[in-house]
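Enquirer: First the structure, then my questions, so here it is.
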Amino acid sequence: MTKENVRLGTVQETLLIPLYGRALDARARRPVLGDTEAARMVERIDYDFAKFRGPSLGGSVLRSAIFDGWVRRFLTEHPDGTVVELGAGLGTRSHRLDNGRARWFDLDLPDTVELRQRLLPDAGPRTTTLAASVLDTDWFDRIAETGGPYLFVSEAVLLYFDDARVRSVVRSLADRFPRAALSFDTAGAAMMRNQDRNPVFKAVDARMTWTCDDPKSLEDWGLRLRESRTFATPQPEVARTWPRRHRHGMPLLARLLPPLVNAYRMNLFDLEAPR
Ligand SMILES: C[S@@+](CC[C@H](N)C(=O)[O-])C[C@H]1O[C@@H](n2cnc3c(N)ncnc32)[C@H](O)[C@@H]1O
């Protein structure tokens, strides 16, 4: 089988880290996500995935499981709703969680989308891949056509922008999609300081830049924080699906090394209408 080559920008290349994490999980005896599509894509891509090591691989799987929990709940409440992945990478959430009725958008930069379309074509008419930047707004009309309600999910993306850019993304979304839900992860100083020691970041050039120690402080930007979770405090219905080593191991780790676990948070916000 000829493998697919990858030509990705510096930040775009980081999508291969969670992809590999999910592929390893799919091969595990007791998977968390069981993302067999990720395992298939890793087999097809010509890339030295073995250079990625360390806890961030498993961490990216737990992170996706927590975001999945919010998407599942959204679809229970709004089965015809619209889920928008901002910086989708080679994420397979629409494949994992589709309910046969929802609308899905997977947005990412053109080089990532080019790779995505080679490996993971749109599943059907309710799924749309958009080549665009989350920093622009020219794609808003495509999303608004569905009429909502909307859940925006941005997993391991905003961390690569500076504070002003993240704020501008949030403000633009709030102005155009007031009352929509927005979920994204935040990293505090303790995590940012450790990047150069993190084995996965030793293998790539990209570095995260946006530090946020307290997601509650983002309420000043026109957000209302509904939930903020760490790997030690997933939704109970999500925790129930995790193997014991995560379900019990993460709270133990949080007691032993609180800054390490508490610095990285997955958050669910409501966007507020402009005042
Ligand atoms: C660490 S990866 C995360 C990918 C995916 N969310 C996941 O969890 O598997 C970061 C992603 O952000 C995307 N990205 C970076 N800058 C972007 C931008 N300005 N607009 C849209 N996507 C962007 C990259 O192409 C990449 O897919």
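Chain labels A, B, ... are given in the sequence in which chains occur in the structure tokens; within each chain residues are numbered consecutively from 1, and ligands are likewise numbered from 1 in the order shown.
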Taking 5 positions as the minimum chain separation for residues in the same chain, which residues sit within 12 Å of Pro243 (chain A) when counting only C-alpha atoms? Answer as a PDB file with N, CA and C atoms, in the first residue's frame.
Expert:
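Once written, out.pdb looks like this:
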ATOM      1  N   ASP A  25      -4.812   4.126  21.535  1.00  0.00           N
ATOM      2  CA  ASP A  25      -5.955   3.751  22.382  1.00  0.00           C
ATOM      3  C   ASP A  25      -6.810   2.683  21.695  1.00  0.00           C
ATOM      4  N   ALA A  28      -5.513  -0.633  22.246  1.00  0.00           N
ATOM      5  CA  ALA A  28      -5.349  -1.078  23.644  1.00  0.00           C
ATOM      6  C   ALA A  28      -6.372  -2.162  23.986  1.00  0.00           C
ATOM      7  N   ARG A  29      -6.071  -2.910  25.054  1.00  0.00           N
ATOM      8  CA  ARG A  29      -6.964  -4.002  25.452  1.00  0.00           C
ATOM      9  C   ARG A  29      -8.332  -3.450  25.871  1.00  0.00           C
ATOM     10  N   ARG A  30      -8.287  -2.320  26.626  1.00  0.00           N
ATOM     11  CA  ARG A  30      -9.553  -1.688  27.011  1.00  0.00           C
ATOM     12  C   ARG A  30      -9.554  -0.222  26.576  1.00  0.00           C
ATOM     13  N   PRO A  31      -9.975   0.011  25.328  1.00  0.00           N
ATOM     14  CA  PRO A  31      -9.885   1.391  24.811  1.00  0.00           C
ATOM     15  C   PRO A  31     -10.871   2.339  25.487  1.00  0.00           C
ATOM     16  N   VAL A  32     -10.513   3.616  25.486  1.00  0.00           N
ATOM     17  CA  VAL A  32     -11.425   4.644  26.002  1.00  0.00           C
ATOM     18  C   VAL A  32     -12.360   5.093  24.872  1.00  0.00           C
ATOM     19  N   LEU A  33     -11.774   5.453  23.732  1.00  0.00           N
ATOM     20  CA  LEU A  33     -12.588   5.944  22.608  1.00  0.00           C
ATOM     21  C   LEU A  33     -12.851   4.864  21.563  1.00  0.00           C
ATOM     22  N   LEU A  62      -8.173  11.185  26.762  1.00  0.00           N
ATOM     23  CA  LEU A  62      -9.089  11.542  27.852  1.00  0.00           C
ATOM     24  C   LEU A  62      -9.760  12.887  27.558  1.00  0.00           C
ATOM     25  N   VAL A 238     -18.985   9.983  31.818  1.00  0.00           N
ATOM     26  CA  VAL A 238     -17.770   9.732  31.034  1.00  0.00           C
ATOM     27  C   VAL A 238     -16.816   8.866  31.864  1.00  0.00           C
ATOM     28  N   HIS A 248      -9.443   5.960  38.653  1.00  0.00           N
ATOM     29  CA  HIS A 248      -8.907   6.121  40.002  1.00  0.00           C
ATOM     30  C   HIS A 248      -7.534   6.794  39.988  1.00  0.00           C
ATOM     31  N   GLY A 249      -6.771   6.553  38.915  1.00  0.00           N
ATOM     32  CA  GLY A 249      -5.400   7.068  38.850  1.00  0.00           C
ATOM     33  C   GLY A 249      -5.350   8.584  38.744  1.00  0.00           C
ATOM     34  N   MET A 250      -6.247   9.176  37.979  1.00  0.00           N
ATOM     35  CA  MET A 250      -6.196  10.628  37.770  1.00  0.00           C
ATOM     36  C   MET A 250      -6.522  11.403  39.060  1.00  0.00           C
TER      37      MET A 250
END
Enquirer: So that I can check the secondary structure, give me every residue of region 121-166 of chain A assigned strand (DSSP E) by backbone DSSP, as an MDAnalysis selection string.
Expert: chainID A and resid 127:131 150:154
Enquirer: Taking only C-alpha atoms and all ligand atoms into account, list the residues no farther than 10 Å from ligand 1, as a ChimeraX atom specification.
Expert: /A:8-22,38,60-61,63-64,67,85-93,106-113,116,130-136,153-161,165,169,184,206,208
Enquirer: Could you check the closest approach to Thr82 (chain A) for each of A:Gln195, A:Thr146, A:Thr128, A:Ser183 and tell me which residue wins, using only C-alpha atoms?
Expert: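 Using only C-alpha atoms, Thr82 (chain A) sits closest to A:Thr146.
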Enquirer: So that I can check the surroundings of Arg247 (chain A), please list as a PDB file with all heavy atoms, in the first residue's frame every protein, DNA and RNA residue that reaches within 12 Å of it, counting only C-alpha atoms and ignoring chain neighbours fewer than 2 positions away.
Expert:
ATOM      1  N   VAL A  32     -10.513   3.616  25.486  1.00  0.00           N
ATOM      2  CA  VAL A  32     -11.425   4.644  26.002  1.00  0.00           C
ATOM      3  C   VAL A  32     -12.360   5.093  24.872  1.00  0.00           C
ATOM      4  O   VAL A  32     -13.574   5.114  25.023  1.00  0.00           O
ATOM      5  CB  VAL A  32     -10.621   5.850  26.554  1.00  0.00           C
ATOM      6  CG1 VAL A  32     -11.542   7.002  26.920  1.00  0.00           C
ATOM      7  CG2 VAL A  32      -9.792   5.429  27.759  1.00  0.00           C
ATOM      8  N   LEU A  62      -8.173  11.185  26.762  1.00  0.00           N
ATOM      9  CA  LEU A  62      -9.089  11.542  27.852  1.00  0.00           C
ATOM     10  C   LEU A  62      -9.760  12.887  27.558  1.00  0.00           C
ATOM     11  O   LEU A  62     -10.942  13.085  27.831  1.00  0.00           O
ATOM     12  CB  LEU A  62      -8.338  11.603  29.185  1.00  0.00           C
ATOM     13  CG  LEU A  62      -7.650  10.306  29.626  1.00  0.00           C
ATOM     14  CD1 LEU A  62      -7.061  10.472  31.023  1.00  0.00           C
ATOM     15  CD2 LEU A  62      -8.609   9.119  29.598  1.00  0.00           C
ATOM     16  N   THR A 230     -11.076  18.678  34.771  1.00  0.00           N
ATOM     17  CA  THR A 230      -9.715  18.206  34.554  1.00  0.00           C
ATOM     18  C   THR A 230      -9.805  16.695  34.303  1.00  0.00           C
ATOM     19  O   THR A 230     -10.898  16.106  34.395  1.00  0.00           O
ATOM     20  CB  THR A 230      -8.826  18.451  35.788  1.00  0.00           C
ATOM     21  OG1 THR A 230      -9.284  17.590  36.835  1.00  0.00           O
ATOM     22  CG2 THR A 230      -8.882  19.895  36.249  1.00  0.00           C
ATOM     23  N   PHE A 231      -8.640  16.078  34.060  1.00  0.00           N
ATOM     24  CA  PHE A 231      -8.662  14.622  33.875  1.00  0.00           C
ATOM     25  C   PHE A 231      -9.095  13.915  35.161  1.00  0.00           C
ATOM     26  O   PHE A 231      -9.486  12.747  35.125  1.00  0.00           O
ATOM     27  CB  PHE A 231      -7.281  14.123  33.458  1.00  0.00           C
ATOM     28  CG  PHE A 231      -6.858  14.590  32.087  1.00  0.00           C
ATOM     29  CD1 PHE A 231      -5.513  14.785  31.795  1.00  0.00           C
ATOM     30  CD2 PHE A 231      -7.791  14.824  31.097  1.00  0.00           C
ATOM     31  CE1 PHE A 231      -5.116  15.212  30.531  1.00  0.00           C
ATOM     32  CE2 PHE A 231      -7.402  15.249  29.834  1.00  0.00           C
ATOM     33  CZ  PHE A 231      -6.064  15.441  29.554  1.00  0.00           C
ATOM     34  N   ALA A 232      -9.011  14.626  36.283  1.00  0.00           N
ATOM     35  CA  ALA A 232      -9.426  14.015  37.554  1.00  0.00           C
ATOM     36  C   ALA A 232     -10.906  14.230  37.837  1.00  0.00           C
ATOM     37  O   ALA A 232     -11.453  13.612  38.751  1.00  0.00           O
ATOM     38  CB  ALA A 232      -8.595  14.596  38.700  1.00  0.00           C
ATOM     39  N   THR A 233     -11.555  15.118  37.064  1.00  0.00           N
ATOM     40  CA  THR A 233     -12.970  15.407  37.343  1.00  0.00           C
ATOM     41  C   THR A 233     -13.807  15.366  36.058  1.00  0.00           C
ATOM     42  O   THR A 233     -14.469  16.347  35.708  1.00  0.00           O
ATOM     43  CB  THR A 233     -13.122  16.802  38.012  1.00  0.00           C
ATOM     44  OG1 THR A 233     -12.576  17.796  37.108  1.00  0.00           O
ATOM     45  CG2 THR A 233     -12.435  16.879  39.344  1.00  0.00           C
ATOM     46  N   PRO A 234     -13.759  14.245  35.345  1.00  0.00           N
ATOM     47  CA  PRO A 234     -14.607  14.153  34.139  1.00  0.00           C
ATOM     48  C   PRO A 234     -16.083  14.053  34.542  1.00  0.00           C
ATOM     49  O   PRO A 234     -16.397  13.833  35.717  1.00  0.00           O
ATOM     50  CB  PRO A 234     -14.136  12.843  33.487  1.00  0.00           C
ATOM     51  CG  PRO A 234     -13.601  12.030  34.610  1.00  0.00           C
ATOM     52  CD  PRO A 234     -13.040  12.993  35.627  1.00  0.00           C
ATOM     53  N   GLN A 235     -16.984  14.211  33.584  1.00  0.00           N
ATOM     54  CA  GLN A 235     -18.404  14.013  33.844  1.00  0.00           C
ATOM     55  C   GLN A 235     -18.569  12.577  34.364  1.00  0.00           C
ATOM     56  O   GLN A 235     -17.931  11.655  33.835  1.00  0.00           O
ATOM     57  CB  GLN A 235     -19.233  14.169  32.569  1.00  0.00           C
ATOM     58  CG  GLN A 235     -19.065  15.486  31.814  1.00  0.00           C
ATOM     59  CD  GLN A 235     -17.957  15.433  30.773  1.00  0.00           C
ATOM     60  OE1 GLN A 235     -16.892  14.852  31.000  1.00  0.00           O
ATOM     61  NE2 GLN A 235     -18.171  16.049  29.628  1.00  0.00           N
ATOM     62  N   PRO A 236     -19.457  12.361  35.366  1.00  0.00           N
ATOM     63  CA  PRO A 236     -19.618  10.999  35.915  1.00  0.00           C
ATOM     64  C   PRO A 236     -19.940   9.968  34.829  1.00  0.00           C
ATOM     65  O   PRO A 236     -19.414   8.851  34.846  1.00  0.00           O
ATOM     66  CB  PRO A 236     -20.780  11.152  36.903  1.00  0.00           C
ATOM     67  CG  PRO A 236     -20.776  12.600  37.268  1.00  0.00           C
ATOM     68  CD  PRO A 236     -20.263  13.363  36.084  1.00  0.00           C
ATOM     69  N   GLU A 237     -20.771  10.365  33.846  1.00  0.00           N
ATOM     70  CA  GLU A 237     -21.138   9.391  32.807  1.00  0.00           C
ATOM     71  C   GLU A 237     -19.944   9.072  31.914  1.00  0.00           C
ATOM     72  O   GLU A 237     -19.870   7.993  31.312  1.00  0.00           O
ATOM     73  CB  GLU A 237     -22.357   9.869  31.998  1.00  0.00           C
ATOM     74  CG  GLU A 237     -22.157  11.063  31.086  1.00  0.00           C
ATOM     75  CD  GLU A 237     -22.320  12.426  31.777  1.00  0.00           C
ATOM     76  OE1 GLU A 237     -22.271  12.481  33.025  1.00  0.00           O
ATOM     77  OE2 GLU A 237     -22.471  13.447  31.064  1.00  0.00           O
ATOM     78  N   VAL A 238     -18.985   9.983  31.818  1.00  0.00           N
ATOM     79  CA  VAL A 238     -17.770   9.732  31.034  1.00  0.00           C
ATOM     80  C   VAL A 238     -16.816   8.866  31.864  1.00  0.00           C
ATOM     81  O   VAL A 238     -16.254   7.873  31.371  1.00  0.00           O
ATOM     82  CB  VAL A 238     -17.100  11.069  30.625  1.00  0.00           C
ATOM     83  CG1 VAL A 238     -15.730  10.825  30.015  1.00  0.00           C
ATOM     84  CG2 VAL A 238     -17.996  11.825  29.644  1.00  0.00           C
ATOM     85  N   ALA A 239     -16.650   9.227  33.140  1.00  0.00           N
ATOM     86  CA  ALA A 239     -15.743   8.468  34.015  1.00  0.00           C
ATOM     87  C   ALA A 239     -16.117   6.985  34.035  1.00  0.00           C
ATOM     88  O   ALA A 239     -15.234   6.120  34.047  1.00  0.00           O
ATOM     89  CB  ALA A 239     -15.786   9.045  35.429  1.00  0.00           C
ATOM     90  N   ARG A 240     -17.416   6.710  34.015  1.00  0.00           N
ATOM     91  CA  ARG A 240     -17.876   5.315  34.071  1.00  0.00           C
ATOM     92  C   ARG A 240     -17.346   4.484  32.909  1.00  0.00           C
ATOM     93  O   ARG A 240     -17.226   3.273  33.010  1.00  0.00           O
ATOM     94  CB  ARG A 240     -19.422   5.277  34.050  1.00  0.00           C
ATOM     95  CG  ARG A 240     -20.039   5.360  35.435  1.00  0.00           C
ATOM     96  CD  ARG A 240     -21.511   4.940  35.411  1.00  0.00           C
ATOM     97  NE  ARG A 240     -22.350   5.890  34.702  1.00  0.00           N
ATOM     98  CZ  ARG A 240     -22.838   7.013  35.251  1.00  0.00           C
ATOM     99  NH1 ARG A 240     -22.583   7.298  36.514  1.00  0.00           N
ATOM    100  NH2 ARG A 240     -23.589   7.838  34.544  1.00  0.00           N
ATOM    101  N   THR A 241     -17.015   5.157  31.786  1.00  0.00           N
ATOM    102  CA  THR A 241     -16.544   4.411  30.609  1.00  0.00           C
ATOM    103  C   THR A 241     -15.016   4.246  30.618  1.00  0.00           C
ATOM    104  O   THR A 241     -14.472   3.596  29.732  1.00  0.00           O
ATOM    105  CB  THR A 241     -16.943   5.131  29.295  1.00  0.00           C
ATOM    106  OG1 THR A 241     -16.211   6.367  29.203  1.00  0.00           O
ATOM    107  CG2 THR A 241     -18.436   5.411  29.241  1.00  0.00           C
ATOM    108  N   TRP A 242     -14.337   4.882  31.577  1.00  0.00           N
ATOM    109  CA  TRP A 242     -12.873   4.831  31.601  1.00  0.00           C
ATOM    110  C   TRP A 242     -12.372   3.598  32.353  1.00  0.00           C
ATOM    111  O   TRP A 242     -12.958   3.206  33.376  1.00  0.00           O
ATOM    112  CB  TRP A 242     -12.294   6.068  32.292  1.00  0.00           C
ATOM    113  CG  TRP A 242     -12.404   7.329  31.489  1.00  0.00           C
ATOM    114  CD1 TRP A 242     -13.020   7.483  30.279  1.00  0.00           C
ATOM    115  CD2 TRP A 242     -11.888   8.615  31.840  1.00  0.00           C
ATOM    116  NE1 TRP A 242     -12.917   8.789  29.866  1.00  0.00           N
ATOM    117  CE2 TRP A 242     -12.231   9.498  30.794  1.00  0.00           C
ATOM    118  CE3 TRP A 242     -11.189   9.113  32.941  1.00  0.00           C
ATOM    119  CZ2 TRP A 242     -11.884  10.849  30.816  1.00  0.00           C
ATOM    120  CZ3 TRP A 242     -10.835  10.450  32.954  1.00  0.00           C
ATOM    121  CH2 TRP A 242     -11.176  11.305  31.901  1.00  0.00           C
ATOM    122  N   PRO A 243     -11.270   3.014  31.902  1.00  0.00           N
ATOM    123  CA  PRO A 243     -10.660   1.938  32.688  1.00  0.00           C
ATOM    124  C   PRO A 243     -10.253   2.463  34.072  1.00  0.00           C
ATOM    125  O   PRO A 243     -10.003   3.667  34.229  1.00  0.00           O
ATOM    126  CB  PRO A 243      -9.419   1.557  31.881  1.00  0.00           C
ATOM    127  CG  PRO A 243      -9.545   2.211  30.551  1.00  0.00           C
ATOM    128  CD  PRO A 243     -10.539   3.325  30.681  1.00  0.00           C
ATOM    129  N   ARG A 244     -10.144   1.557  35.026  1.00  0.00           N
ATOM    130  CA  ARG A 244      -9.852   1.952  36.414  1.00  0.00           C
ATOM    131  C   ARG A 244      -8.581   2.778  36.537  1.00  0.00           C
ATOM    132  O   ARG A 244      -8.491   3.665  37.370  1.00  0.00           O
ATOM    133  CB  ARG A 244      -9.709   0.698  37.299  1.00  0.00           C
ATOM    134  CG  ARG A 244     -11.018  -0.002  37.555  1.00  0.00           C
ATOM    135  CD  ARG A 244     -10.744  -1.372  38.132  1.00  0.00           C
ATOM    136  NE  ARG A 244     -10.103  -1.284  39.436  1.00  0.00           N
ATOM    137  CZ  ARG A 244     -10.754  -1.260  40.580  1.00  0.00           C
ATOM    138  NH1 ARG A 244     -12.070  -1.331  40.587  1.00  0.00           N
ATOM    139  NH2 ARG A 244     -10.117  -1.192  41.723  1.00  0.00           N
ATOM    140  N   ARG A 245      -7.589   2.450  35.685  1.00  0.00           N
ATOM    141  CA  ARG A 245      -6.308   3.147  35.858  1.00  0.00           C
ATOM    142  C   ARG A 245      -6.480   4.658  35.644  1.00  0.00           C
ATOM    143  O   ARG A 245      -5.762   5.457  36.236  1.00  0.00           O
ATOM    144  CB  ARG A 245      -5.225   2.565  34.934  1.00  0.00           C
ATOM    145  CG  ARG A 245      -5.421   2.778  33.465  1.00  0.00           C
ATOM    146  CD  ARG A 245      -4.255   2.198  32.663  1.00  0.00           C
ATOM    147  NE  ARG A 245      -4.350   2.561  31.264  1.00  0.00           N
ATOM    148  CZ  ARG A 245      -5.205   2.036  30.391  1.00  0.00           C
ATOM    149  NH1 ARG A 245      -6.056   1.096  30.793  1.00  0.00           N
ATOM    150  NH2 ARG A 245      -5.214   2.418  29.139  1.00  0.00           N
ATOM    151  N   GLY A 249      -6.771   6.553  38.915  1.00  0.00           N
ATOM    152  CA  GLY A 249      -5.400   7.068  38.850  1.00  0.00           C
ATOM    153  C   GLY A 249      -5.350   8.584  38.744  1.00  0.00           C
ATOM    154  O   GLY A 249      -4.504   9.230  39.369  1.00  0.00           O
ATOM    155  N   MET A 250      -6.247   9.176  37.979  1.00  0.00           N
ATOM    156  CA  MET A 250      -6.196  10.628  37.770  1.00  0.00           C
ATOM    157  C   MET A 250      -6.522  11.403  39.060  1.00  0.00           C
ATOM    158  O   MET A 250      -5.800  12.334  39.403  1.00  0.00           O
ATOM    159  CB  MET A 250      -7.126  11.045  36.617  1.00  0.00           C
ATOM    160  CG  MET A 250      -6.523  10.737  35.273  1.00  0.00           C
ATOM    161  SD  MET A 250      -4.971  11.682  35.078  1.00  0.00           S
ATOM    162  CE  MET A 250      -4.259  10.871  33.685  1.00  0.00           C
ATOM    163  N   PRO A 251      -7.587  11.019  39.808  1.00  0.00           N
ATOM    164  CA  PRO A 251      -7.819  11.732  41.066  1.00  0.00           C
ATOM    165  C   PRO A 251      -6.651  11.562  42.041  1.00  0.00           C
ATOM    166  O   PRO A 251      -6.303  12.495  42.777  1.00  0.00           O
ATOM    167  CB  PRO A 251      -9.103  11.083  41.622  1.00  0.00           C
ATOM    168  CG  PRO A 251      -9.796  10.553  40.401  1.00  0.00           C
ATOM    169  CD  PRO A 251      -8.716  10.128  39.463  1.00  0.00           C
ATOM    170  N   LEU A 252      -6.012  10.387  42.021  1.00  0.00           N
ATOM    171  CA  LEU A 252      -4.854  10.166  42.905  1.00  0.00           C
ATOM    172  C   LEU A 252      -3.707  11.098  42.497  1.00  0.00           C
ATOM    173  O   LEU A 252      -3.096  11.771  43.343  1.00  0.00           O
ATOM    174  CB  LEU A 252      -4.424   8.693  42.806  1.00  0.00           C
ATOM    175  CG  LEU A 252      -3.235   8.283  43.673  1.00  0.00           C
ATOM    176  CD1 LEU A 252      -3.594   8.420  45.154  1.00  0.00           C
ATOM    177  CD2 LEU A 252      -2.817   6.837  43.365  1.00  0.00           C
ATOM    178  N   LEU A 253      -3.443  11.157  41.195  1.00  0.00           N
ATOM    179  CA  LEU A 253      -2.388  12.035  40.692  1.00  0.00           C
ATOM    180  C   LEU A 253      -2.687  13.494  41.056  1.00  0.00           C
ATOM    181  O   LEU A 253      -1.784  14.262  41.404  1.00  0.00           O
ATOM    182  CB  LEU A 253      -2.277  11.868  39.166  1.00  0.00           C
ATOM    183  CG  LEU A 253      -1.086  12.516  38.484  1.00  0.00           C
ATOM    184  CD1 LEU A 253       0.226  11.899  38.963  1.00  0.00           C
ATOM    185  CD2 LEU A 253      -1.190  12.358  36.958  1.00  0.00           C
ATOM    186  N   ALA A 254      -3.963  13.858  40.975  1.00  0.00           N
ATOM    187  CA  ALA A 254      -4.339  15.245  41.295  1.00  0.00           C
ATOM    188  C   ALA A 254      -4.081  15.548  42.771  1.00  0.00           C
ATOM    189  O   ALA A 254      -3.766  16.684  43.126  1.00  0.00           O
ATOM    190  CB  ALA A 254      -5.806  15.476  40.948  1.00  0.00           C
TER     191      ALA A 254
END
Enquirer: Fewer than 2 positions away in the same chain doesn't count, so skip those; otherwise give me all residues within 12 Å of His95 (chain A), counting only C-alpha atoms, as a list in words.
Expert: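 Returned residues: Leu33, Gly34, Asp35, Thr36, Glu37, Ala38, Asp68, Leu90, Gly91, Thr92, Arg93, Leu97, Asp98, Asn99, Gly100, Ala102, Arg103, Trp104, Phe105, Asp106, Leu120, Pro121, Asp122, Ala123, Gly124, Arg126 and Thr127 of chain A.
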Enquirer: Calculated over only C-alpha atoms, which of the candidates A:Val200, A:Val170, A:Leu119, A:Leu182 has the smallest distance to Leu268 (chain A)?
Expert: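 Among A:Val200, A:Val170, A:Leu119, A:Leu182, it is A:Leu182 that comes nearest to Leu268 (chain A).
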